[in-house]
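Novice: The following file, upload-v2.pdb, comprises PDB, C-alpha atoms, pLDDT in the B column:
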ATOM      1  CA  MET Q  13     -24.884  30.725 -42.117  1.00 56.00           C
ATOM      2  CA  SER Q  14     -22.192  29.993 -39.551  1.00 60.00           C
ATOM      3  CA  ASP Q  15     -20.469  33.325 -40.252  1.00 86.00           C
ATOM      4  CA  PHE Q  16     -23.708  35.355 -40.344  1.00 94.00           C
ATOM      5  CA  LYS Q  17     -23.832  37.950 -37.563  1.00 96.00           C
ATOM      6  CA  LEU Q  18     -26.507  40.332 -36.286  1.00 97.00           C
ATOM      7  CA  LEU Q  19     -26.342  43.852 -34.961  1.00 97.00           C
ATOM      8  CA  VAL Q  20     -29.031  44.486 -32.344  1.00 97.00           C
ATOM      9  CA  THR Q  21     -29.955  48.117 -31.682  1.00 96.00           C
ATOM     10  CA  GLY Q  22     -31.341  49.118 -28.306  1.00 93.00           C
ATOM     11  CA  CYS Q  23     -29.522  46.110 -26.901  1.00 94.00           C
ATOM     12  CA  LYS Q  24     -30.033  47.138 -23.275  1.00 93.00           C
ATOM     13  CA  GLY Q  25     -33.799  47.472 -23.610  1.00 92.00           C
ATOM     14  CA  ARG Q  26     -36.493  44.835 -23.203  1.00 90.00           C
ATOM     15  CA  MET Q  27     -36.862  44.114 -26.917  1.00 92.00           C
ATOM     16  CA  GLY Q  28     -33.121  44.237 -27.511  1.00 94.00           C
ATOM     17  CA  GLN Q  29     -32.541  41.655 -24.802  1.00 95.00           C
ATOM     18  CA  ALA Q  30     -35.347  39.495 -26.199  1.00 95.00           C
ATOM     19  CA  VAL Q  31     -33.796  39.626 -29.694  1.00 96.00           C
ATOM     20  CA  ILE Q  32     -30.382  38.608 -28.335  1.00 97.00           C
ATOM     21  CA  ALA Q  33     -31.982  35.658 -26.514  1.00 96.00           C
ATOM     22  CA  ALA Q  34     -33.928  34.664 -29.649  1.00 96.00           C
ATOM     23  CA  ALA Q  35     -30.764  34.790 -31.748  1.00 96.00           C
ATOM     24  CA  ASP Q  36     -29.031  32.488 -29.285  1.00 96.00           C
ATOM     25  CA  ALA Q  37     -31.985  30.087 -29.373  1.00 96.00           C
ATOM     26  CA  GLN Q  38     -31.873  29.977 -33.178  1.00 95.00           C
ATOM     27  CA  GLY Q  39     -28.095  29.558 -33.309  1.00 95.00           C
ATOM     28  CA  VAL Q  40     -27.440  32.987 -34.820  1.00 95.00           C
ATOM     29  CA  ALA Q  41     -24.418  34.970 -33.661  1.00 96.00           C
ATOM     30  CA  VAL Q  42     -24.776  38.546 -32.450  1.00 96.00           C
ATOM     31  CA  GLY Q  43     -21.772  40.435 -33.795  1.00 95.00           C
ATOM     32  CA  ALA Q  44     -22.553  43.593 -31.880  1.00 95.00           C
ATOM     33  CA  GLY Q  45     -25.160  45.422 -29.862  1.00 95.00           C
ATOM     34  CA  ILE Q  46     -25.554  49.167 -29.510  1.00 95.00           C
ATOM     35  CA  ASP Q  47     -27.475  51.532 -27.310  1.00 93.00           C
ATOM     36  CA  VAL Q  48     -27.548  55.284 -26.785  1.00 89.00           C
ATOM     37  CA  GLY Q  49     -24.074  56.761 -27.189  1.00 88.00           C
ATOM     38  CA  ASP Q  50     -22.489  53.752 -28.916  1.00 92.00           C
ATOM     39  CA  SER Q  51     -20.817  53.912 -32.339  1.00 93.00           C
ATOM     40  CA  LEU Q  52     -23.160  52.668 -35.064  1.00 95.00           C
ATOM     41  CA  SER Q  53     -20.532  52.502 -37.808  1.00 93.00           C
ATOM     42  CA  ALA Q  54     -18.148  50.443 -35.664  1.00 94.00           C
ATOM     43  CA  ALA Q  55     -20.897  47.996 -34.761  1.00 95.00           C
ATOM     44  CA  LEU Q  56     -22.040  47.678 -38.382  1.00 95.00           C
ATOM     45  CA  ALA Q  57     -18.524  46.676 -39.400  1.00 93.00           C
ATOM     46  CA  LEU Q  58     -18.883  43.602 -37.172  1.00 94.00           C
ATOM     47  CA  SER Q  59     -22.300  42.545 -38.507  1.00 95.00           C
ATOM     48  CA  ASP Q  60     -24.168  41.448 -41.632  1.00 96.00           C
ATOM     49  CA  CYS Q  61     -27.737  42.421 -40.762  1.00 97.00           C
ATOM     50  CA  VAL Q  62     -29.329  44.885 -38.342  1.00 97.00           C
ATOM     51  CA  ILE Q  63     -32.433  44.201 -36.260  1.00 98.00           C
ATOM     52  CA  ASP Q  64     -33.882  47.504 -35.052  1.00 96.00           C
ATOM     53  CA  PHE Q  65     -36.608  47.837 -32.424  1.00 93.00           C
ATOM     54  CA  SER Q  66     -35.303  51.108 -30.984  1.00 92.00           C
ATOM     55  CA  SER Q  67     -37.179  54.199 -32.232  1.00 91.00           C
ATOM     56  CA  HIS Q  68     -38.396  55.531 -35.557  1.00 92.00           C
ATOM     57  CA  HIS Q  69     -36.347  58.667 -34.828  1.00 93.00           C
ATOM     58  CA  PHE Q  70     -33.237  56.509 -35.397  1.00 94.00           C
ATOM     59  CA  THR Q  71     -34.374  55.205 -38.795  1.00 94.00           C
ATOM     60  CA  ASP Q  72     -32.760  57.845 -41.020  1.00 95.00           C
ATOM     61  CA  GLU Q  73     -29.334  57.542 -39.400  1.00 95.00           C
ATOM     62  CA  LEU Q  74     -29.510  53.760 -39.450  1.00 96.00           C
ATOM     63  CA  ILE Q  75     -30.468  53.612 -43.120  1.00 96.00           C
ATOM     64  CA  SER Q  76     -27.716  56.060 -44.071  1.00 96.00           C
ATOM     65  CA  GLU Q  77     -25.048  53.922 -42.419  1.00 96.00           C
ATOM     66  CA  CYS Q  78     -26.457  50.666 -43.802  1.00 97.00           C
ATOM     67  CA  LEU Q  79     -26.374  52.143 -47.312  1.00 97.00           C
ATOM     68  CA  LYS Q  80     -22.706  53.080 -46.888  1.00 96.00           C
ATOM     69  CA  LEU Q  81     -21.735  49.565 -45.822  1.00 95.00           C
ATOM     70  CA  GLY Q  82     -24.302  47.523 -47.754  1.00 95.00           C
ATOM     71  CA  LYS Q  83     -25.929  45.898 -44.713  1.00 96.00           C
ATOM     72  CA  SER Q  84     -29.359  44.264 -44.762  1.00 97.00           C
ATOM     73  CA  LEU Q  85     -31.929  45.551 -42.317  1.00 97.00           C
ATOM     74  CA  VAL Q  86     -34.905  44.309 -40.293  1.00 98.00           C
ATOM     75  CA  ILE Q  87     -37.038  47.216 -39.073  1.00 97.00           C
ATOM     76  CA  GLY Q  88     -39.494  46.587 -36.248  1.00 93.00           C
ATOM     77  CA  THR Q  89     -40.060  50.165 -35.079  1.00 91.00           C
ATOM     78  CA  THR Q  90     -43.426  51.855 -35.631  1.00 86.00           C
ATOM     79  CA  GLY Q  91     -44.788  55.395 -35.680  1.00 86.00           C
ATOM     80  CA  HIS Q  92     -42.786  56.517 -38.724  1.00 91.00           C
ATOM     81  CA  THR Q  93     -43.563  59.829 -40.383  1.00 92.00           C
ATOM     82  CA  SER Q  94     -44.378  59.958 -44.088  1.00 92.00           C
ATOM     83  CA  ASP Q  95     -40.841  61.195 -44.779  1.00 95.00           C
ATOM     84  CA  GLU Q  96     -39.322  58.312 -42.818  1.00 95.00           C
ATOM     85  CA  LEU Q  97     -41.499  55.809 -44.670  1.00 95.00           C
ATOM     86  CA  ALA Q  98     -40.390  57.309 -47.976  1.00 96.00           C
ATOM     87  CA  ARG Q  99     -36.770  56.959 -46.858  1.00 96.00           C
ATOM     88  CA  ILE Q 100     -37.274  53.256 -46.101  1.00 97.00           C
ATOM     89  CA  LYS Q 101     -38.865  52.633 -49.504  1.00 97.00           C
ATOM     90  CA  GLU Q 102     -36.063  54.467 -51.284  1.00 97.00           C
ATOM     91  CA  ALA Q 103     -33.370  52.544 -49.393  1.00 98.00           C
ATOM     92  CA  ALA Q 104     -35.033  49.248 -50.334  1.00 98.00           C
ATOM     93  CA  LYS Q 105     -34.100  49.931 -53.958  1.00 98.00           C
ATOM     94  CA  THR Q 106     -30.503  49.323 -52.865  1.00 98.00           C
ATOM     95  CA  LEU Q 107     -30.732  47.163 -49.741  1.00 97.00           C
ATOM     96  CA  PRO Q 108     -32.753  44.079 -48.770  1.00 98.00           C
ATOM     97  CA  ILE Q 109     -35.091  45.250 -45.993  1.00 98.00           C
ATOM     98  CA  VAL Q 110     -37.785  43.479 -44.007  1.00 98.00           C
ATOM     99  CA  PHE Q 111     -40.143  46.121 -42.640  1.00 96.00           C
ATOM    100  CA  ALA Q 112     -43.127  44.893 -40.652  1.00 93.00           C
ATOM    101  CA  SER Q 113     -45.477  46.304 -38.051  1.00 86.00           C
ATOM    102  CA  ASN Q 114     -45.444  42.972 -36.236  1.00 89.00           C
ATOM    103  CA  PHE Q 115     -43.085  39.983 -36.429  1.00 93.00           C
ATOM    104  CA  SER Q 116     -45.322  37.481 -34.642  1.00 92.00           C
ATOM    105  CA  VAL Q 117     -46.314  34.435 -36.688  1.00 90.00           C
ATOM    106  CA  GLY Q 118     -49.722  34.572 -35.022  1.00 93.00           C
ATOM    107  CA  VAL Q 119     -50.301  38.233 -35.875  1.00 94.00           C
ATOM    108  CA  ASN Q 120     -49.300  37.672 -39.480  1.00 93.00           C
ATOM    109  CA  THR Q 121     -51.818  34.844 -39.581  1.00 93.00           C
ATOM    110  CA  LEU Q 122     -54.331  37.394 -38.232  1.00 96.00           C
ATOM    111  CA  PHE Q 123     -53.433  39.708 -41.134  1.00 95.00           C
ATOM    112  CA  TRP Q 124     -54.140  36.886 -43.593  1.00 95.00           C
ATOM    113  CA  LEU Q 125     -57.411  35.916 -41.878  1.00 96.00           C
ATOM    114  CA  THR Q 126     -58.554  39.554 -41.732  1.00 98.00           C
ATOM    115  CA  ARG Q 127     -58.197  39.938 -45.476  1.00 97.00           C
ATOM    116  CA  LYS Q 128     -60.041  36.678 -46.153  1.00 97.00           C
ATOM    117  CA  ALA Q 129     -62.849  37.533 -43.714  1.00 98.00           C
ATOM    118  CA  ALA Q 130     -63.292  40.997 -45.221  1.00 98.00           C
ATOM    119  CA  GLU Q 131     -63.511  39.484 -48.690  1.00 98.00           C
ATOM    120  CA  LEU Q 132     -65.987  36.776 -47.644  1.00 98.00           C
ATOM    121  CA  LEU Q 133     -68.263  38.862 -45.406  1.00 98.00           C
ATOM    122  CA  GLY Q 134     -68.581  41.747 -47.826  1.00 96.00           C
ATOM    123  CA  PRO Q 135     -69.700  45.366 -47.418  1.00 96.00           C
ATOM    124  CA  ASP Q 136     -72.704  44.727 -45.149  1.00 96.00           C
ATOM    125  CA  PHE Q 137     -70.430  44.271 -42.123  1.00 98.00           C
ATOM    126  CA  ASP Q 138     -69.186  47.309 -40.186  1.00 98.00           C
ATOM    127  CA  LEU Q 139     -65.447  47.264 -39.494  1.00 98.00           C
ATOM    128  CA  GLU Q 140     -63.764  48.168 -36.202  1.00 98.00           C
ATOM    129  CA  VAL Q 141     -60.237  47.553 -34.877  1.00 98.00           C
ATOM    130  CA  LEU Q 142     -59.344  47.607 -31.175  1.00 98.00           C
ATOM    131  CA  GLU Q 143     -55.840  47.478 -29.718  1.00 98.00           C
ATOM    132  CA  MET Q 144     -54.406  47.528 -26.204  1.00 98.00           C
ATOM    133  CA  HIS Q 145     -50.796  48.000 -25.123  1.00 97.00           C
ATOM    134  CA  HIS Q 146     -48.785  48.762 -21.994  1.00 96.00           C
ATOM    135  CA  ARG Q 147     -48.845  52.183 -20.407  1.00 96.00           C
ATOM    136  CA  LEU Q 148     -45.397  53.135 -21.771  1.00 92.00           C
ATOM    137  CA  LYS Q 149     -46.206  52.796 -25.471  1.00 93.00           C
ATOM    138  CA  LYS Q 150     -45.816  56.198 -27.115  1.00 89.00           C
ATOM    139  CA  ASP Q 151     -47.408  55.906 -30.568  1.00 89.00           C
ATOM    140  CA  SER Q 152     -51.074  55.371 -31.353  1.00 92.00           C
ATOM    141  CA  PRO Q 153     -52.594  53.488 -32.995  1.00 94.00           C
ATOM    142  CA  SER Q 154     -50.120  50.622 -32.893  1.00 93.00           C
ATOM    143  CA  GLY Q 155     -48.373  49.700 -36.102  1.00 90.00           C
ATOM    144  CA  THR Q 156     -50.230  46.395 -36.073  1.00 93.00           C
ATOM    145  CA  ALA Q 157     -53.612  48.121 -35.754  1.00 96.00           C
ATOM    146  CA  ARG Q 158     -52.717  50.413 -38.622  1.00 95.00           C
ATOM    147  CA  THR Q 159     -51.780  47.410 -40.765  1.00 93.00           C
ATOM    148  CA  LEU Q 160     -55.116  45.764 -39.964  1.00 97.00           C
ATOM    149  CA  VAL Q 161     -56.984  48.929 -40.965  1.00 97.00           C
ATOM    150  CA  GLU Q 162     -54.933  49.186 -44.163  1.00 96.00           C
ATOM    151  CA  ILE Q 163     -55.846  45.585 -45.038  1.00 97.00           C
ATOM    152  CA  LEU Q 164     -59.539  46.308 -44.482  1.00 98.00           C
ATOM    153  CA  ALA Q 165     -59.305  49.539 -46.452  1.00 98.00           C
ATOM    154  CA  ASP Q 166     -57.610  47.754 -49.340  1.00 97.00           C
ATOM    155  CA  VAL Q 167     -60.382  45.138 -49.532  1.00 98.00           C
ATOM    156  CA  ARG Q 168     -63.115  47.813 -49.341  1.00 97.00           C
ATOM    157  CA  ARG Q 169     -61.230  50.187 -51.684  1.00 96.00           C
ATOM    158  CA  LEU Q 170     -61.102  52.874 -49.025  1.00 97.00           C
ATOM    159  CA  GLU Q 171     -58.325  55.231 -47.891  1.00 95.00           C
ATOM    160  CA  TYR Q 172     -56.692  55.094 -44.470  1.00 94.00           C
ATOM    161  CA  ASP Q 173     -56.388  58.848 -44.003  1.00 92.00           C
ATOM    162  CA  SER Q 174     -59.915  59.775 -45.069  1.00 94.00           C
ATOM    163  CA  ASP Q 175     -61.969  56.730 -44.010  1.00 95.00           C
ATOM    164  CA  CYS Q 176     -60.340  55.734 -40.705  1.00 95.00           C
ATOM    165  CA  ARG Q 177     -62.048  57.058 -37.516  1.00 95.00           C
ATOM    166  CA  HIS Q 178     -59.748  57.253 -34.486  1.00 95.00           C
ATOM    167  CA  GLY Q 179     -62.164  56.846 -31.595  1.00 93.00           C
ATOM    168  CA  ARG Q 180     -65.393  58.782 -31.228  1.00 92.00           C
ATOM    169  CA  PHE Q 181     -66.308  61.658 -28.943  1.00 92.00           C
ATOM    170  CA  GLY Q 182     -69.370  63.862 -28.731  1.00 94.00           C
ATOM    171  CA  ASP Q 183     -72.237  64.051 -31.185  1.00 94.00           C
ATOM    172  CA  VAL Q 184     -70.457  62.442 -34.150  1.00 91.00           C
ATOM    173  CA  GLY Q 185     -73.657  61.196 -35.791  1.00 94.00           C
ATOM    174  CA  ALA Q 186     -74.530  57.707 -36.934  1.00 95.00           C
ATOM    175  CA  ARG Q 187     -71.805  55.438 -38.217  1.00 94.00           C
ATOM    176  CA  THR Q 188     -71.268  55.713 -41.962  1.00 92.00           C
ATOM    177  CA  PRO Q 189     -71.002  52.584 -44.133  1.00 88.00           C
ATOM    178  CA  LYS Q 190     -67.524  53.554 -45.315  1.00 92.00           C
ATOM    179  CA  GLU Q 191     -65.710  54.294 -42.061  1.00 96.00           C
ATOM    180  CA  ILE Q 192     -63.312  51.938 -40.315  1.00 98.00           C
ATOM    181  CA  GLY Q 193     -63.063  52.611 -36.587  1.00 97.00           C
ATOM    182  CA  VAL Q 194     -59.796  52.156 -34.685  1.00 97.00           C
ATOM    183  CA  HIS Q 195     -59.505  52.444 -30.911  1.00 97.00           C
ATOM    184  CA  ALA Q 196     -56.403  52.444 -28.700  1.00 97.00           C
ATOM    185  CA  ILE Q 197     -56.332  51.411 -25.026  1.00 97.00           C
ATOM    186  CA  ARG Q 198     -53.268  51.859 -22.814  1.00 98.00           C
ATOM    187  CA  GLY Q 199     -52.598  50.358 -19.411  1.00 98.00           C
ATOM    188  CA  GLY Q 200     -50.521  48.056 -17.263  1.00 97.00           C
ATOM    189  CA  ASP Q 201     -47.949  45.802 -18.887  1.00 95.00           C
ATOM    190  CA  VAL Q 202     -50.003  44.497 -21.828  1.00 96.00           C
ATOM    191  CA  VAL Q 203     -47.608  43.326 -24.555  1.00 93.00           C
ATOM    192  CA  GLY Q 204     -50.180  43.636 -27.323  1.00 94.00           C
ATOM    193  CA  ASP Q 205     -53.838  42.717 -27.915  1.00 97.00           C
ATOM    194  CA  HIS Q 206     -55.588  43.243 -31.264  1.00 98.00           C
ATOM    195  CA  THR Q 207     -59.181  42.526 -32.263  1.00 98.00           C
ATOM    196  CA  VAL Q 208     -60.873  43.019 -35.621  1.00 98.00           C
ATOM    197  CA  VAL Q 209     -64.672  43.272 -35.388  1.00 98.00           C
ATOM    198  CA  PHE Q 210     -67.001  42.561 -38.319  1.00 98.00           C
ATOM    199  CA  ALA Q 211     -70.474  43.614 -37.140  1.00 98.00           C
ATOM    200  CA  ASN Q 212     -73.747  43.140 -39.013  1.00 98.00           C
ATOM    201  CA  VAL Q 213     -77.391  43.181 -37.957  1.00 97.00           C
ATOM    202  CA  GLY Q 214     -77.967  39.954 -36.038  1.00 97.00           C
ATOM    203  CA  GLU Q 215     -74.384  38.662 -36.022  1.00 98.00           C
ATOM    204  CA  ARG Q 216     -70.794  39.616 -35.307  1.00 98.00           C
ATOM    205  CA  VAL Q 217     -67.449  38.045 -36.151  1.00 98.00           C
ATOM    206  CA  GLU Q 218     -64.344  38.852 -34.096  1.00 98.00           C
ATOM    207  CA  LEU Q 219     -60.742  37.899 -34.831  1.00 98.00           C
ATOM    208  CA  THR Q 220     -58.394  38.349 -31.866  1.00 98.00           C
ATOM    209  CA  HIS Q 221     -54.696  37.919 -31.196  1.00 97.00           C
ATOM    210  CA  LYS Q 222     -53.182  38.390 -27.735  1.00 97.00           C
ATOM    211  CA  ALA Q 223     -49.437  38.454 -27.117  1.00 93.00           C
ATOM    212  CA  SER Q 224     -48.198  37.613 -23.632  1.00 93.00           C
ATOM    213  CA  SER Q 225     -44.465  37.753 -24.334  1.00 90.00           C
ATOM    214  CA  ARG Q 226     -42.104  39.832 -26.446  1.00 88.00           C
ATOM    215  CA  ASP Q 227     -40.287  36.621 -27.295  1.00 92.00           C
ATOM    216  CA  THR Q 228     -42.700  35.939 -30.146  1.00 92.00           C
ATOM    217  CA  PHE Q 229     -41.772  39.245 -31.828  1.00 92.00           C
ATOM    218  CA  ALA Q 230     -38.060  38.767 -31.201  1.00 95.00           C
ATOM    219  CA  GLY Q 231     -38.084  35.228 -32.562  1.00 95.00           C
ATOM    220  CA  GLY Q 232     -39.901  36.370 -35.679  1.00 95.00           C
ATOM    221  CA  ALA Q 233     -37.402  39.182 -36.249  1.00 96.00           C
ATOM    222  CA  VAL Q 234     -34.444  36.791 -36.055  1.00 97.00           C
ATOM    223  CA  ARG Q 235     -36.269  34.444 -38.427  1.00 96.00           C
ATOM    224  CA  ALA Q 236     -36.744  37.395 -40.799  1.00 97.00           C
ATOM    225  CA  ALA Q 237     -33.041  38.275 -40.634  1.00 97.00           C
ATOM    226  CA  ARG Q 238     -32.092  34.696 -41.473  1.00 96.00           C
ATOM    227  CA  TRP Q 239     -34.558  34.641 -44.370  1.00 96.00           C
ATOM    228  CA  LEU Q 240     -33.244  37.975 -45.656  1.00 96.00           C
ATOM    229  CA  HIS Q 241     -29.639  36.757 -45.894  1.00 94.00           C
ATOM    230  CA  GLY Q 242     -28.660  36.573 -49.569  1.00 93.00           C
ATOM    231  CA  LYS Q 243     -31.910  38.102 -50.837  1.00 97.00           C
ATOM    232  CA  PRO Q 244     -31.794  40.824 -53.525  1.00 97.00           C
ATOM    233  CA  ALA Q 245     -32.602  44.439 -52.722  1.00 98.00           C
ATOM    234  CA  GLY Q 246     -36.271  45.011 -52.038  1.00 98.00           C
ATOM    235  CA  LEU Q 247     -38.854  45.893 -49.429  1.00 98.00           C
ATOM    236  CA  TYR Q 248     -40.192  42.717 -47.802  1.00 98.00           C
ATOM    237  CA  ASP Q 249     -42.526  42.017 -44.892  1.00 94.00           C
ATOM    238  CA  MET Q 250     -43.357  39.037 -42.681  1.00 93.00           C
ATOM    239  CA  GLN Q 251     -45.913  37.787 -45.150  1.00 90.00           C
ATOM    240  CA  ASP Q 252     -42.962  37.256 -47.516  1.00 95.00           C
ATOM    241  CA  VAL Q 253     -40.881  35.633 -44.787  1.00 95.00           C
ATOM    242  CA  LEU Q 254     -43.673  33.208 -43.862  1.00 92.00           C
ATOM    243  CA  GLY Q 255     -44.707  32.473 -47.461  1.00 90.00           C
ATOM    244  CA  LEU Q 256     -48.233  33.776 -46.921  1.00 83.00           C
ATOM    245  CA  LYS Q 257     -48.350  35.839 -50.118  1.00 75.00           C
TER
END
Is it possible to express this structure as structure tokens?

Specialist:
Amino acid sequence: MSDFKLLVTGCKGRMGQAVIAAADAQGVAVGAGIDVGDSLSAALALSDCVIDFSSHHFTDELISECLKLGKSLVIGTTGHTSDELARIKEAAKTLPIVFASNFSVGVNTLFWLTRKAAELLGPDFDLEVLEMHHRLKKDSPSGTARTLVEILADVRRLEYDSDCRHGRFGDVGARTPKEIGVHAIRGGDVVGDHTVVFANVGERVELTHKASSRDTFAGGAVRAARWLHGKPAGLYDMQDVLGLK
């Protein structure tokens, strides 16, 4: 992979800088970096794969240009609309894409453990997800929290939109057996904390992951880009990259 080169979007931001450092640590060349106002098409011409942690508002433009030039894509942004998600899925019929809510090896282990715990503990345990991020995070819940809820919903045969409860306020009544609670906390410079709670009468199981550095996400994204090189078109995630499926 000596001639393999990355394009890093948002290269002047915190995540962009972390991705560039992670690429250097893994011996992967960065062909180009872009930020607001830079030419995407010119940068793509110098690269083989894009790592994007910029904004979901940039997804459509990025996919359009990648389709024109046949570039693979690693998408780490969250907060996508249903239309944007549909666009990603459609593009994956032509391009190899890794799309994940979290690129941390530890978080993806948490995904795996959450599914296993939900299967083993069964329907008697109430399900709650808590997440905390820095004060500047714009979307809620986090993409990682949403993935955790989707895993729990899949095991319980529930639906995210109808069975997920985003916080509670006022006289909401007793908790129903079907609902999955999700709660977002914002403050300080927290990189990302996630806890899945399985609560029953007399006992409680909690699975927690706490990130203290963006380097873990950046390193995982570069690992995903390396893994994606030469893969056929398709929509992949970090569970594929790590061989957890």

Novice: Find, counting only C-alpha atoms, the residue in Q:Ile87, Q:Val62, Q:Ala57, Q:Val213 that gets nearest to Asp249 in chain Q.

Specialist: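 Checking each of Q:Ile87, Q:Val62, Q:Ala57, Q:Val213 against Asp249 in chain Q, counting only C-alpha atoms, the winner is Q:Ile87.
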
Novice: Counting all atoms listed in the file, which residue out of Q:Leu240, Q:Val203, Q:Val234, Q:Met250 sits closest to Ala35 in chain Q?

Specialist: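 Ranking Q:Leu240, Q:Val203, Q:Val234, Q:Met250 by distance to Ala35 in chain Q, first place goes to Q:Val234.
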
Novice: With the file shown as input, list the residues that the PyMOL selection byres ((chain Q and resi 257) around 12) selects, as a list in words.

Specialist: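 So the PyMOL selection byres ((chain Q and resi 257) around 12) ends up selecting Asn120, Thr121, Phe123, Trp124, Arg127, Tyr248, Asp249, Met250, Gln251, Asp252, Val253, Leu254, Gly255 and Leu256 of chain Q.
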
Novice: Please dump the current selection as a PDB file, in the frame of the given file; keep C-alpha atoms.

Specialist:
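See again.pdb below for the written result:
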ATOM      1  CA  ASN Q 120     -49.300  37.672 -39.480  1.00 93.00           C
ATOM      2  CA  THR Q 121     -51.818  34.844 -39.581  1.00 93.00           C
ATOM      3  CA  PHE Q 123     -53.433  39.708 -41.134  1.00 95.00           C
ATOM      4  CA  TRP Q 124     -54.140  36.886 -43.593  1.00 95.00           C
ATOM      5  CA  ARG Q 127     -58.197  39.938 -45.476  1.00 97.00           C
ATOM      6  CA  TYR Q 248     -40.192  42.717 -47.802  1.00 98.00           C
ATOM      7  CA  ASP Q 249     -42.526  42.017 -44.892  1.00 94.00           C
ATOM      8  CA  MET Q 250     -43.357  39.037 -42.681  1.00 93.00           C
ATOM      9  CA  GLN Q 251     -45.913  37.787 -45.150  1.00 90.00           C
ATOM     10  CA  ASP Q 252     -42.962  37.256 -47.516  1.00 95.00           C
ATOM     11  CA  VAL Q 253     -40.881  35.633 -44.787  1.00 95.00           C
ATOM     12  CA  LEU Q 254     -43.673  33.208 -43.862  1.00 92.00           C
ATOM     13  CA  GLY Q 255     -44.707  32.473 -47.461  1.00 90.00           C
ATOM     14  CA  LEU Q 256     -48.233  33.776 -46.921  1.00 83.00           C
TER      15      LEU Q 256
END

Novice: Residues at most 8 Å from Leu85 in chain Q, counting all atoms listed in the file, excluding those fewer than 2 positions away in the same chain, as number ranges by chain?

Specialist: Q: 61-64, 78, 83, 87, 107-110, 237

Novice: Measuring atom to atom with all atoms listed in the file, identify which of Q:Arg177, Q:Ala223, Q:Leu164, Q:His146 is nearest to Gly200 in chain Q.

Specialist: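 Checking each of Q:Arg177, Q:Ala223, Q:Leu164, Q:His146 against Gly200 in chain Q, counting all atoms listed in the file, the winner is Q:His146.
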
Novice: For the file shown, what are the residues hit by the PyMOL selection byres ((chain Q and resi 201) around 12), laid out as a list in words?

Specialist: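 The output of the PyMOL selection byres ((chain Q and resi 201) around 12) on this file is Met144, His145, His146, Arg147, Leu148, Lys149, Ile197, Arg198, Gly199, Gly200, Val202, Val203, Gly204, Asp205, Ala223, Ser224, Ser225 and Arg226 of chain Q.
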
Novice: Measuring between all atoms listed in the file, which one of Q:Ala129, Q:Val167, Q:Ala230, Q:Ala104 shows the shortest distance to Lys243 in chain Q?

Specialist: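 Result for the nearest residue to Lys243 in chain Q: Q:Ala104.
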
Novice: Hey, what comes out of the PyMOL selection byres ((chain Q and resi 32) around 12) on this file? Could you write it as a VMD selection string?

Specialist: chain Q and resid 17 to 31 33 to 46 62 to 65 226 to 227 229 to 231 233 to 234

Novice: Grab the CA of Ser51 in chain Q to CA of Glu73 in chain Q distance for me, in Å with one decimal place.

Specialist: 11.6 Å

Novice: Report, in Å with one decimal, the straight-line distance from CA of Lys128 in chain Q to CA of Thr207 in chain Q.

Specialist: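 Computing it gives 15.1 Å between the two atoms.
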